[in-house]
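Asker: What follows is start-v4.cif, mmCIF, C-alpha atoms.
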```
data_my_file
#
loop_
_atom_site.label_atom_id
_atom_site.label_comp_id
_atom_site.auth_asym_id
_atom_site.auth_seq_id
_atom_site.Cartn_x
_atom_site.Cartn_y
_atom_site.Cartn_z
CA MET N 184 38.53 -27.48 44.20
CA THR N 185 38.85 -24.35 46.32
CA LYS N 186 38.40 -21.15 44.32
CA LYS N 187 41.11 -18.51 44.71
CA LEU N 188 40.30 -14.91 45.58
CA TYR N 189 42.70 -11.98 45.19
CA ILE N 190 41.69 -8.60 46.62
CA LYS N 191 43.46 -5.25 46.33
CA THR N 192 42.45 -2.40 48.62
CA TYR N 193 42.89 1.33 48.14
CA GLY N 194 42.19 4.12 50.61
CA CYS N 195 41.19 4.42 54.21
CA GLN N 196 40.82 2.02 57.15
CA MET N 197 37.12 1.75 56.28
CA ASN N 198 38.03 0.18 52.96
CA VAL N 199 40.43 -2.20 54.71
CA TYR N 200 37.56 -3.21 57.00
CA ASP N 201 35.21 -3.67 54.01
CA SER N 202 37.78 -5.82 52.20
CA ASN N 203 38.11 -8.07 55.25
CA LYS N 204 34.33 -8.41 55.36
CA MET N 205 34.21 -9.34 51.66
CA LEU N 206 36.81 -12.01 52.34
CA ASP N 207 34.77 -13.34 55.26
CA LEU N 208 31.62 -13.35 53.13
CA LEU N 209 33.14 -15.16 50.15
CA ARG N 210 35.07 -17.66 52.25
CA VAL N 211 31.69 -19.12 53.22
CA PHE N 212 31.06 -19.70 49.50
CA GLY N 213 34.25 -21.64 48.92
CA TYR N 214 36.81 -18.93 48.16
CA ALA N 215 40.27 -18.92 49.71
CA GLN N 216 42.44 -15.81 49.68
CA THR N 217 45.61 -15.81 47.60
CA ASP N 218 48.46 -13.32 47.31
CA ASN N 219 49.22 -14.58 43.80
CA ILE N 220 46.95 -12.80 41.34
CA GLN N 221 48.07 -15.16 38.58
CA GLU N 222 46.08 -18.03 40.11
CA ALA N 223 42.97 -16.04 41.07
CA ASN N 224 39.52 -17.14 39.91
CA LEU N 225 38.11 -13.92 41.32
CA VAL N 226 39.80 -10.50 41.59
CA ILE N 227 38.26 -7.68 43.63
CA ILE N 228 39.55 -4.11 43.38
CA ASN N 229 38.18 -2.17 46.36
CA THR N 230 38.52 1.48 45.41
CA CYS N 231 38.73 4.91 47.03
CA HIS N 232 37.52 8.12 45.39
CA ILE N 233 39.35 10.61 47.62
CA ARG N 234 42.70 10.86 45.86
CA GLU N 235 43.28 12.95 42.74
CA LYS N 236 42.47 11.19 39.44
CA ALA N 237 41.28 8.14 41.40
CA ALA N 238 39.01 6.93 38.60
CA GLU N 239 41.74 7.13 35.96
CA ARG N 240 44.08 5.10 38.13
CA VAL N 241 41.40 2.48 38.58
CA TYR N 242 40.85 2.16 34.83
CA SER N 243 44.60 1.81 34.36
CA GLU N 244 44.60 -1.00 36.92
CA LEU N 245 41.65 -2.66 35.20
CA GLY N 246 43.49 -2.55 31.87
CA LYS N 247 46.28 -4.65 33.36
CA LEU N 248 43.72 -7.11 34.71
CA LYS N 249 42.21 -7.51 31.22
CA GLU N 250 45.53 -8.85 29.94
CA LEU N 251 45.66 -11.40 32.74
CA LYS N 252 42.01 -12.35 32.24
CA ASP N 253 42.63 -12.93 28.51
CA LYS N 254 45.64 -15.14 29.28
CA ARG N 255 43.62 -17.28 31.70
CA LYS N 256 40.76 -17.54 29.20
CA ALA N 257 43.19 -18.81 26.55
CA LEU N 258 44.13 -21.58 28.98
CA GLY N 259 40.48 -22.44 29.60
CA LEU N 260 40.49 -20.82 33.05
CA GLN N 261 37.96 -18.33 34.38
CA MET N 262 38.77 -15.06 36.11
CA LEU N 263 35.98 -12.75 37.22
CA ILE N 264 36.73 -9.09 37.90
CA VAL N 265 34.78 -7.17 40.56
CA LEU N 266 35.07 -3.42 40.99
CA ALA N 267 33.96 -2.40 44.48
CA GLY N 268 34.11 0.70 46.65
CA CYS N 269 33.61 4.41 46.14
CA VAL N 270 34.91 4.72 42.55
CA SER N 271 32.44 2.07 41.44
CA GLN N 272 29.63 3.96 43.19
CA ALA N 273 30.66 7.22 41.49
CA GLU N 274 31.23 5.73 38.03
CA GLY N 275 28.22 3.41 37.93
CA ASP N 276 27.47 1.67 34.65
CA GLU N 277 30.09 3.85 32.94
CA VAL N 278 32.52 1.17 34.14
CA PHE N 279 31.03 -1.32 31.69
CA VAL N 280 31.41 1.22 28.86
CA ARG N 281 35.07 1.97 29.56
CA ALA N 282 36.02 -1.51 30.82
CA PRO N 283 33.54 -4.02 29.33
CA TYR N 284 35.59 -6.95 30.63
CA VAL N 285 34.61 -6.10 34.24
CA ASP N 286 32.01 -8.60 35.46
CA VAL N 287 30.55 -7.01 38.60
CA VAL N 288 30.31 -3.43 39.84
CA VAL N 289 29.22 -3.10 43.45
CA GLY N 290 29.05 -0.12 45.82
CA PRO N 291 30.17 0.23 49.44
CA GLN N 292 26.66 -0.39 50.75
CA THR N 293 25.84 -3.47 48.68
CA TYR N 294 28.91 -5.70 48.70
CA HIS N 295 26.99 -8.11 50.94
CA ASN N 296 25.21 -9.13 47.70
CA LEU N 297 28.47 -10.28 46.09
CA PRO N 298 27.79 -14.06 46.29
CA GLU N 299 24.46 -13.62 44.49
CA LEU N 300 25.96 -11.28 41.88
CA ILE N 301 28.94 -13.56 41.22
CA THR N 302 26.68 -16.59 40.88
CA LYS N 303 24.46 -14.69 38.44
CA VAL N 304 27.42 -13.66 36.29
CA SER N 305 28.88 -17.16 36.25
CA ARG N 306 25.61 -18.83 35.28
CA GLU N 307 24.34 -16.30 32.76
CA ASN N 308 27.68 -15.20 31.30
CA ASN N 309 26.55 -11.61 31.84
CA ILE N 310 27.45 -8.52 33.89
CA ALA N 311 26.00 -7.39 37.22
CA LEU N 312 25.59 -3.95 38.82
CA ASP N 313 24.42 -3.13 42.36
CA LEU N 314 24.83 0.43 43.61
CA ASP N 315 21.73 0.82 45.77
CA PHE N 316 21.56 2.40 49.21
CA PRO N 317 19.36 -0.26 50.84
CA VAL N 318 17.11 0.54 53.79
CA ILE N 319 18.17 -2.73 55.45
CA SER N 320 21.72 -2.54 56.76
CA LYS N 321 24.32 -4.55 54.84
CA PHE N 322 25.67 -5.62 58.25
CA ASP N 323 22.55 -7.76 58.70
CA SER N 324 23.72 -9.91 55.78
CA LEU N 325 27.41 -10.24 56.69
CA PRO N 326 28.89 -13.16 58.66
CA GLU N 327 29.06 -12.47 62.38
CA VAL N 328 32.35 -14.32 62.66
CA SER N 329 35.26 -12.25 61.35
CA SER N 330 38.68 -13.47 60.30
CA PRO N 331 41.49 -12.61 62.73
CA GLN N 332 42.95 -9.16 62.05
CA GLY N 333 45.91 -9.43 64.39
CA TYR N 334 46.69 -7.63 67.62
CA SER N 335 45.22 -4.36 66.31
CA ALA N 336 41.81 -4.55 64.63
CA PHE N 337 39.35 -2.25 62.88
CA LEU N 338 35.63 -2.25 63.64
CA THR N 339 33.15 -0.12 61.69
CA ILE N 340 30.46 1.37 63.93
CA GLN N 341 29.15 4.14 61.67
CA GLU N 342 29.00 4.81 57.94
CA GLY N 343 28.04 7.67 55.67
CA CYS N 344 27.97 11.39 56.29
CA ASP N 345 25.32 14.11 56.40
CA LYS N 346 27.71 17.08 56.43
CA PHE N 347 28.00 17.63 52.65
CA CYS N 348 31.34 19.40 52.62
CA LYS N 349 31.54 20.89 49.14
CA PHE N 350 34.80 19.15 48.24
CA CYS N 351 33.79 15.67 49.41
CA CYS N 352 32.16 12.76 47.60
CA VAL N 353 31.43 10.61 50.69
CA PRO N 354 27.70 11.51 51.03
CA TYR N 355 27.27 10.48 47.38
CA THR N 356 29.32 7.26 47.53
CA ARG N 357 28.65 6.08 51.10
CA GLY N 358 25.21 7.57 51.64
CA ALA N 359 23.55 9.06 54.73
CA GLU N 360 24.81 8.48 58.25
CA TYR N 361 24.00 5.08 59.68
CA SER N 362 25.01 3.72 63.10
CA ARG N 363 25.11 0.04 64.05
CA GLY N 364 23.46 -1.25 67.22
CA LEU N 365 25.34 -1.75 70.48
CA SER N 366 24.87 -5.52 70.76
CA GLU N 367 25.97 -6.08 67.15
CA ILE N 368 29.16 -4.06 67.69
CA TYR N 369 29.83 -5.66 71.07
CA ARG N 370 29.58 -9.19 69.61
CA GLU N 371 31.98 -8.32 66.81
CA ALA N 372 34.42 -6.71 69.25
CA LEU N 373 34.26 -9.74 71.51
CA GLY N 374 34.96 -11.98 68.53
CA LEU N 375 37.99 -9.92 67.50
CA VAL N 376 39.39 -10.04 71.04
CA THR N 377 38.80 -13.79 71.23
CA GLN N 378 40.89 -14.09 68.06
CA GLY N 379 43.75 -12.14 69.63
CA ALA N 380 43.02 -8.44 69.14
CA MET N 381 44.34 -6.32 72.01
CA GLU N 382 43.43 -2.99 70.43
CA ILE N 383 40.35 -1.97 68.46
CA THR N 384 39.97 1.18 66.38
CA LEU N 385 36.33 2.20 65.96
CA LEU N 386 35.72 3.43 62.42
CA GLY N 387 33.27 5.79 60.81
CA GLN N 388 33.18 8.44 58.12
CA ASN N 389 31.98 10.63 60.98
CA VAL N 390 32.56 8.33 63.93
CA SER N 391 31.84 10.90 66.68
CA ALA N 392 28.30 11.26 65.27
CA TYR N 393 27.58 7.65 66.25
CA HIS N 394 24.02 7.27 67.59
CA GLY N 395 23.21 3.57 67.73
CA LEU N 396 20.58 1.78 69.78
CA ASP N 397 21.18 -0.36 72.86
CA ASP N 398 19.21 -3.52 73.68
CA ASN N 399 16.36 -1.39 75.10
CA LYS N 400 16.12 0.61 71.83
CA LYS N 401 17.56 3.62 73.62
CA GLU N 402 19.90 5.82 71.58
CA ILE N 403 23.47 5.95 72.81
CA ASN N 404 26.51 7.97 71.71
CA ILE N 405 30.09 6.93 71.07
CA ALA N 406 31.11 7.67 74.67
CA ASP N 407 28.44 5.24 75.90
CA LEU N 408 29.63 2.67 73.37
CA ILE N 409 33.27 2.98 74.46
CA ARG N 410 32.27 2.47 78.10
CA HIS N 411 30.57 -0.80 77.15
CA LEU N 412 33.49 -2.03 75.04
CA ALA N 413 35.97 -1.12 77.78
CA LYS N 414 34.38 -3.83 79.94
CA ILE N 415 35.81 -6.54 77.67
CA PRO N 416 38.65 -7.90 79.89
CA LYS N 417 41.30 -8.65 77.27
CA LEU N 418 40.67 -5.52 75.22
CA HIS N 419 43.48 -3.20 76.33
CA ARG N 420 43.22 -0.25 73.94
CA ILE N 421 40.43 1.65 72.19
CA ARG N 422 40.81 4.31 69.50
CA TYR N 423 38.30 6.01 67.18
CA THR N 424 38.56 7.74 63.80
CA THR N 425 37.55 9.89 61.90
CA SER N 426 35.69 12.65 63.75
CA HIS N 427 34.13 15.95 62.67
CA PRO N 428 34.59 19.09 64.80
CA ASN N 429 30.82 19.68 64.84
CA ASP N 430 30.18 16.39 66.62
CA MET N 431 32.65 16.62 69.49
CA PHE N 432 30.85 16.75 72.84
CA ASP N 433 31.90 17.10 76.47
CA ASP N 434 31.01 13.53 77.50
CA LEU N 435 33.40 12.12 74.90
CA ILE N 436 36.12 14.62 75.76
CA GLU N 437 35.84 13.90 79.49
CA LEU N 438 36.03 10.18 78.81
CA HIS N 439 39.68 10.70 77.83
CA LYS N 440 40.29 11.74 81.44
CA HIS N 441 38.53 8.80 83.09
CA GLU N 442 38.83 5.76 80.79
CA PRO N 443 42.37 4.30 80.78
CA LYS N 444 41.65 2.06 77.79
CA LEU N 445 40.88 5.09 75.59
CA MET N 446 44.17 6.13 74.01
CA PRO N 447 45.48 9.73 74.25
CA CYS N 448 45.39 10.56 70.56
CA LEU N 449 42.76 12.06 68.26
CA HIS N 450 42.46 12.47 64.50
CA LEU N 451 40.34 15.57 63.95
CA PRO N 452 40.34 16.97 60.39
CA VAL N 453 40.16 20.75 60.07
CA GLN N 454 41.01 21.16 56.34
CA SER N 455 41.73 24.91 56.61
CA GLY N 456 42.51 27.59 59.18
CA SER N 457 40.63 30.29 57.27
CA ASP N 458 37.05 31.01 58.32
CA LYS N 459 36.26 32.18 54.78
CA ILE N 460 37.45 28.91 53.27
CA LEU N 461 35.79 26.83 56.01
CA LYS N 462 32.51 28.55 55.18
CA ASN N 463 33.00 28.00 51.45
CA MET N 464 33.73 24.34 52.19
CA ASN N 465 30.49 24.10 54.22
CA ARG N 466 32.46 22.84 57.20
CA GLN N 467 30.01 24.62 59.57
CA HIS N 468 32.66 25.49 62.16
CA THR N 469 35.26 28.22 62.56
CA ALA N 470 38.98 28.05 63.26
CA LYS N 471 38.30 29.44 66.73
CA GLN N 472 35.78 26.69 67.49
CA TYR N 473 38.27 24.07 66.34
CA LEU N 474 40.96 25.49 68.64
CA GLU N 475 38.50 25.54 71.55
CA ILE N 476 37.88 21.81 71.03
CA ILE N 477 41.63 21.17 71.05
CA GLU N 478 41.98 23.05 74.34
CA LYS N 479 39.13 21.08 75.92
CA TYR N 480 40.83 17.82 75.01
CA ARG N 481 44.15 19.05 76.41
CA ALA N 482 42.43 20.04 79.64
CA ALA N 483 41.00 16.52 79.96
CA SER N 484 44.15 14.70 78.76
CA PRO N 485 47.23 16.98 78.91
CA ASP N 486 49.51 14.57 77.00
CA ILE N 487 47.07 13.90 74.13
CA LEU N 488 48.46 14.11 70.58
CA PHE N 489 46.51 15.38 67.57
CA SER N 490 46.53 14.55 63.89
CA SER N 491 44.51 16.19 61.13
CA ASP N 492 43.72 16.59 57.41
CA PHE N 493 44.42 19.67 55.31
CA ILE N 494 43.47 20.82 51.82
CA VAL N 495 45.48 23.65 50.25
CA GLY N 496 44.55 25.58 47.15
CA TYR N 497 40.81 25.25 47.66
CA PRO N 498 38.92 27.48 45.19
CA GLY N 499 39.18 31.12 46.28
CA GLU N 500 42.01 30.54 48.78
CA SER N 501 44.01 33.77 49.03
CA ASP N 502 47.53 34.17 50.38
CA GLN N 503 46.03 35.34 53.68
CA ASP N 504 43.69 32.35 53.83
CA PHE N 505 46.69 30.05 53.48
CA GLU N 506 48.60 31.99 56.16
CA ASP N 507 45.60 31.51 58.47
CA THR N 508 46.01 27.75 57.98
CA MET N 509 49.72 27.98 58.78
CA GLU N 510 48.91 29.94 61.95
CA LEU N 511 46.39 27.34 63.10
CA VAL N 512 49.01 24.62 62.61
CA ARG N 513 51.51 26.60 64.70
CA LYS N 514 48.96 26.93 67.50
CA VAL N 515 47.91 23.26 67.64
CA LYS N 516 51.24 21.49 66.93
CA PHE N 517 50.21 18.25 65.23
CA SER N 518 52.01 14.94 65.71
CA LEU N 519 50.84 13.77 62.28
CA ALA N 520 48.85 15.21 59.39
CA TYR N 521 47.65 14.31 55.93
CA SER N 522 47.82 17.24 53.52
CA PHE N 523 46.78 17.47 49.89
CA LYS N 524 46.34 19.89 47.02
CA TYR N 525 42.69 20.49 46.23
CA SER N 526 41.54 18.45 43.26
CA MET N 527 38.09 18.53 41.69
CA ARG N 528 35.75 15.63 42.36
CA PRO N 529 33.09 15.27 39.66
CA GLY N 530 29.63 15.80 41.11
CA THR N 531 30.77 17.84 44.12
CA PRO N 532 29.77 21.55 44.35
CA ALA N 533 33.38 22.77 44.57
CA ALA N 534 34.19 21.23 41.19
CA ALA N 535 31.96 23.88 39.56
CA PHE N 536 33.58 26.88 41.31
CA GLU N 537 35.20 29.33 38.89
CA ASP N 538 37.95 30.67 41.16
CA GLN N 539 40.21 27.61 40.94
CA ILE N 540 43.79 28.09 42.17
CA PRO N 541 46.69 27.68 39.69
CA GLU N 542 48.57 24.40 40.04
CA GLU N 543 51.93 26.06 40.70
CA VAL N 544 50.42 28.02 43.62
CA LYS N 545 48.96 24.84 45.12
CA VAL N 546 52.30 23.06 44.79
CA GLU N 547 54.17 25.88 46.56
CA ARG N 548 51.64 26.15 49.39
CA LEU N 549 51.55 22.40 49.95
CA ALA N 550 55.36 22.27 50.18
CA ARG N 551 55.37 25.01 52.82
CA LEU N 552 52.60 23.39 54.84
CA GLN N 553 54.18 19.94 54.74
CA ALA N 554 57.54 21.36 55.82
CA LEU N 555 55.91 22.92 58.89
CA LEU N 556 53.95 19.76 59.69
CA PHE N 557 57.07 17.60 59.40
CA GLU N 558 58.98 20.01 61.65
CA GLN N 559 56.25 19.70 64.28
CA GLN N 560 56.14 15.90 64.03
CA THR N 561 59.93 15.77 64.44
CA GLN N 562 59.83 18.07 67.48
CA ILE N 563 57.09 16.00 69.13
CA ASN N 564 59.01 12.79 68.47
CA GLN N 565 62.19 14.35 69.90
CA GLN N 566 60.29 15.23 73.07
CA ALA N 567 59.76 11.49 73.59
CA ILE N 568 63.52 10.91 73.96
CA GLY N 569 64.31 9.94 77.54
CA ARG N 570 60.70 9.09 78.30
CA THR N 571 59.13 5.68 78.85
CA CYS N 572 56.04 4.68 76.88
CA LEU N 573 53.94 1.52 76.66
CA VAL N 574 54.32 -0.25 73.34
CA MET N 575 52.04 -2.92 71.94
CA PHE N 576 54.43 -5.01 69.84
CA GLU N 577 52.83 -6.39 66.67
CA LYS N 578 55.56 -7.64 64.33
CA THR N 579 59.25 -7.92 63.55
CA GLY N 580 61.17 -4.86 62.45
CA LYS N 581 63.40 -4.18 59.47
CA TYR N 582 66.53 -5.53 61.11
CA LEU N 583 67.38 -8.82 62.80
CA GLY N 584 66.25 -8.94 66.42
CA GLN N 585 64.07 -5.86 66.06
CA ILE N 586 60.40 -5.80 67.03
CA LEU N 587 57.91 -3.10 66.14
CA GLY N 588 54.71 -1.69 67.60
CA LYS N 589 52.80 1.45 68.54
CA ASN N 590 52.66 3.33 71.82
CA GLU N 591 49.64 4.90 73.49
CA TYR N 592 49.89 7.95 71.22
CA GLY N 593 49.90 5.99 67.98
CA GLN N 594 53.61 6.57 67.37
CA VAL N 595 55.63 3.75 65.81
CA VAL N 596 58.28 2.40 68.20
CA CYS N 597 60.97 -0.22 67.60
CA ALA N 598 63.27 -2.00 70.03
CA LEU N 599 65.56 -5.01 70.20
CA GLY N 600 63.71 -7.91 71.73
CA SER N 601 62.64 -11.51 71.56
CA LEU N 602 59.86 -12.65 69.25
CA ASP N 603 58.13 -13.82 72.43
CA ASN N 604 57.39 -10.15 73.14
CA ILE N 605 55.18 -9.80 70.08
CA GLY N 606 51.60 -9.62 71.30
CA LYS N 607 52.57 -7.98 74.57
CA ILE N 608 52.35 -4.42 75.87
CA LEU N 609 55.71 -3.51 77.39
CA PRO N 610 57.46 -0.37 78.68
CA VAL N 611 60.11 1.08 76.37
CA LYS N 612 62.49 3.93 77.14
CA VAL N 613 63.06 6.00 73.99
CA HIS N 614 66.67 6.98 73.29
CA LYS N 615 66.51 8.33 69.73
CA ILE N 616 64.36 8.84 66.66
CA SER N 617 64.95 7.40 63.20
CA GLY N 618 62.90 9.20 60.59
CA THR N 619 59.39 9.17 62.07
CA THR N 620 60.04 6.08 64.23
CA LEU N 621 60.92 6.14 67.93
CA VAL N 622 63.79 3.81 68.90
CA GLY N 623 64.13 2.57 72.46
CA ASP N 624 65.08 -0.16 74.90
CA LEU N 625 62.80 -2.59 76.67
CA MET N 626 62.63 -1.77 80.38
#
```
Rewrite the structure from the file as structure tokens, please.

Answerer:
Amino acid sequence: MTKKLYIKTYGCQMNVYDSNKMLDLLRVFGYAQTDNIQEANLVIINTCHIREKAAERVYSELGKLKELKDKRKALGLQMLIVLAGCVSQAEGDEVFVRAPYVDVVVGPQTYHNLPELITKVSRENNIALDLDFPVISKFDSLPEVSSPQGYSAFLTIQEGCDKFCKFCCVPYTRGAEYSRGLSEIYREALGLVTQGAMEITLLGQNVSAYHGLDDNKKEINIADLIRHLAKIPKLHRIRYTTSHPNDMFDDLIELHKHEPKLMPCLHLPVQSGSDKILKNMNRQHTAKQYLEIIEKYRAASPDILFSSDFIVGYPGESDQDFEDTMELVRKVKFSLAYSFKYSMRPGTPAAAFEDQIPEEVKVERLARLQALLFEQQTQINQQAIGRTCLVMFEKTGKYLGQILGKNEYGQVVCALGSLDNIGKILPVKVHKISGTTLVGDLM
């Protein structure tokens, strides 16, 4: 009988990509995905360590799984529990101490070993742990054929980070920077397009630092890679995320002027507008340098929209430091942003800083920042009213007869239209906004 696999994913697009790869890997070994956790023979929780109290939330989730596992055992049915992702990498064998009913703990760089680990656990009635950072790429062990992701697909081209920002756990959970080869990426992209993808988002913890090898063992950058992928006839749109300001270069910026398949939007985290805080974070750039990058992009692509990440209440952040952040936001005008209160990550340098900011101060600053960011997003969306944009329709909307998609700038757009229009890129004239969604009419 086919074994049932249930997988729950937390966090970023990279984790979504990893979960899809785990599904592809285990499907070869007789597992079929299910949305009903009650019937699962195998449950994978793919975790993220970025959010506050991430580990505690994971243990709470695991506690609920124990109850289900005990119920299935009482019925003579097996259910294995796998903890994957960045929390598992950070917690290590502590997982088996706090949650001894977990069967496998595997890190982001070793999930390709899941079939072997699961087989070992099943045969030996034991636990398995694999948190190495192998020299051989995990991608060498993953199936080349990916499951269809839909009209918009993710494709990891780079993993890990060498920046060591003092608030971030990524170098410790994902390891050093690694870039996949051109031919490997191209084959995967071609496969996704063959399965119906019209848009591909290139992923990386620091995607603009991509430095893979082509077929002649020559190192190429992300701009070179995008030029190659743009040659795929039925691939209509290319995006990339997430970048670091220190790895933005003129060739990539200029490509936004010349390559029509490269979409006019960029996610470029800044975290703070204060040079003092940026230095304390080990960001290795200044607010002025960040603004200069923004201006270069706008010179190359005048209609480009920007999104970013912000941390407020970082240790030592003064009132003036926070005001510097607010001023940077006013200068850039972001279409979207993710903003958070600083929270300590065990093992990161910032967690040991003594000048932590009181919680009530962080709450007040975050509320002010988010109000400004929402005001900017609303203004940018309002500027779209009366304009025509190209929307790639992906699914039905909330209401009958409504279809939903994203335009060139990554904004969500809905319109009344036939289901036959799903999977097409069509012009839409925007006539109003509803929340953060643009509403328009098919032209």

Asker: List the spatial neighbours of Asn219 of chain N as a list in words - criterion: any atom at most 12 Å away, only C-alpha atoms, same-chain residues fewer than 3 positions off excluded.

Answerer: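 Skipping anything fewer than 3 positions along the chain leaves Lys187, Leu188, Tyr189, Ile190, Lys191, Ala215, Gln216, Glu222, Ala223, Asn224, Leu225 and Val226 of chain N.
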
Asker: Give me a file of those residues, with C-alpha atoms, as an mmCIF file, keeping the file's coordinate frame.

Answerer:
```cif
data_model
loop_
_atom_site.group_PDB
_atom_site.id
_atom_site.type_symbol
_atom_site.label_atom_id
_atom_site.label_comp_id
_atom_site.auth_asym_id
_atom_site.auth_seq_id
_atom_site.Cartn_x
_atom_site.Cartn_y
_atom_site.Cartn_z
ATOM 1 C CA LYS N 187 41.110 -18.510 44.710
ATOM 2 C CA LEU N 188 40.300 -14.910 45.580
ATOM 3 C CA TYR N 189 42.700 -11.980 45.190
ATOM 4 C CA ILE N 190 41.690 -8.600 46.620
ATOM 5 C CA LYS N 191 43.460 -5.250 46.330
ATOM 6 C CA ALA N 215 40.270 -18.920 49.710
ATOM 7 C CA GLN N 216 42.440 -15.810 49.680
ATOM 8 C CA GLU N 222 46.080 -18.030 40.110
ATOM 9 C CA ALA N 223 42.970 -16.040 41.070
ATOM 10 C CA ASN N 224 39.520 -17.140 39.910
ATOM 11 C CA LEU N 225 38.110 -13.920 41.320
ATOM 12 C CA VAL N 226 39.800 -10.500 41.590
#
```

Asker: Go ahead and compute the interatomic distance for atom CA of Gly194 of chain N and atom CA of His232 of chain N, in Å to one decimal.

Answerer: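 A separation of 8.1 Å between them.
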
Asker: What does the distance between atom CA of Asn404 of chain N and atom CA of Cys344 of chain N come to in Å, to one decimal place?

Answerer: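 Computing it gives 15.9 Å between the two atoms.
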
Asker: Of the candidates N:Thr384, N:Gln553, N:Asn399, N:Gln562, which one gets nearest to Ser518 of chain N if we count all atoms listed in the file?

Answerer: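 Checking each of N:Thr384, N:Gln553, N:Asn399, N:Gln562 against Ser518 of chain N, counting all atoms listed in the file, the winner is N:Gln562.
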
Asker: How many Å separate atom CA of Pro447 of chain N from atom CA of Leu488 of chain N?

Answerer: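 Computed distance, atom CA of Pro447 of chain N to atom CA of Leu488 of chain N, equals 6.4 Å.
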
Asker: Kindly resolve the PyMOL selection byres ((chain N and resi 276) around 12) on the present coordinates and return the residues as number ranges by chain.

Answerer: N: 266, 270-275, 277-283, 285-290, 310-314

Asker: Kindly list the centre and edge lengths in Å, rounded to one decimal, for the axis-aligned box that covers all listed atoms of segment 449-456 of chain N plus 8 Å on each of its six sides, as AutoDock Vina command-line options.

Answerer:
```
--center_x 41.5 --center_y 19.8 --center_z 62.3 --size_x 18.6 --size_y 31.5 --size_z 27.9
```

Asker: Could you list, as an mmCIF file with C-alpha atoms, keeping the file's coordinate frame, every residue within 10 Å of segment 359-370 of chain N, counting all atoms listed in the file and ignoring same-chain residues fewer than 5 positions away?

Answerer:
```cif
data_model
loop_
_atom_site.group_PDB
_atom_site.id
_atom_site.type_symbol
_atom_site.label_atom_id
_atom_site.label_comp_id
_atom_site.auth_asym_id
_atom_site.auth_seq_id
_atom_site.Cartn_x
_atom_site.Cartn_y
_atom_site.Cartn_z
ATOM 1 C CA PHE N 316 21.560 2.400 49.210
ATOM 2 C CA SER N 320 21.720 -2.540 56.760
ATOM 3 C CA PHE N 322 25.670 -5.620 58.250
ATOM 4 C CA ASP N 323 22.550 -7.760 58.700
ATOM 5 C CA GLU N 327 29.060 -12.470 62.380
ATOM 6 C CA VAL N 328 32.350 -14.320 62.660
ATOM 7 C CA LEU N 338 35.630 -2.250 63.640
ATOM 8 C CA THR N 339 33.150 -0.120 61.690
ATOM 9 C CA ILE N 340 30.460 1.370 63.930
ATOM 10 C CA GLN N 341 29.150 4.140 61.670
ATOM 11 C CA GLU N 342 29.000 4.810 57.940
ATOM 12 C CA GLY N 343 28.040 7.670 55.670
ATOM 13 C CA CYS N 344 27.970 11.390 56.290
ATOM 14 C CA ASP N 345 25.320 14.110 56.400
ATOM 15 C CA LYS N 346 27.710 17.080 56.430
ATOM 16 C CA PHE N 347 28.000 17.630 52.650
ATOM 17 C CA VAL N 353 31.430 10.610 50.690
ATOM 18 C CA PRO N 354 27.700 11.510 51.030
ATOM 19 C CA LEU N 375 37.990 -9.920 67.500
ATOM 20 C CA VAL N 376 39.390 -10.040 71.040
ATOM 21 C CA LEU N 385 36.330 2.200 65.960
ATOM 22 C CA GLY N 387 33.270 5.790 60.810
ATOM 23 C CA GLN N 388 33.180 8.440 58.120
ATOM 24 C CA ASN N 389 31.980 10.630 60.980
ATOM 25 C CA VAL N 390 32.560 8.330 63.930
ATOM 26 C CA ALA N 392 28.300 11.260 65.270
ATOM 27 C CA TYR N 393 27.580 7.650 66.250
ATOM 28 C CA HIS N 394 24.020 7.270 67.590
ATOM 29 C CA GLY N 395 23.210 3.570 67.730
ATOM 30 C CA LEU N 396 20.580 1.780 69.780
ATOM 31 C CA ASP N 397 21.180 -0.360 72.860
ATOM 32 C CA ASP N 398 19.210 -3.520 73.680
ATOM 33 C CA LYS N 400 16.120 0.610 71.830
ATOM 34 C CA LYS N 401 17.560 3.620 73.620
ATOM 35 C CA GLU N 402 19.900 5.820 71.580
ATOM 36 C CA ILE N 403 23.470 5.950 72.810
ATOM 37 C CA ASN N 404 26.510 7.970 71.710
ATOM 38 C CA ILE N 405 30.090 6.930 71.070
ATOM 39 C CA ASP N 407 28.440 5.240 75.900
ATOM 40 C CA LEU N 408 29.630 2.670 73.370
ATOM 41 C CA ILE N 409 33.270 2.980 74.460
ATOM 42 C CA HIS N 411 30.570 -0.800 77.150
ATOM 43 C CA LEU N 412 33.490 -2.030 75.040
ATOM 44 C CA ILE N 415 35.810 -6.540 77.670
#
```
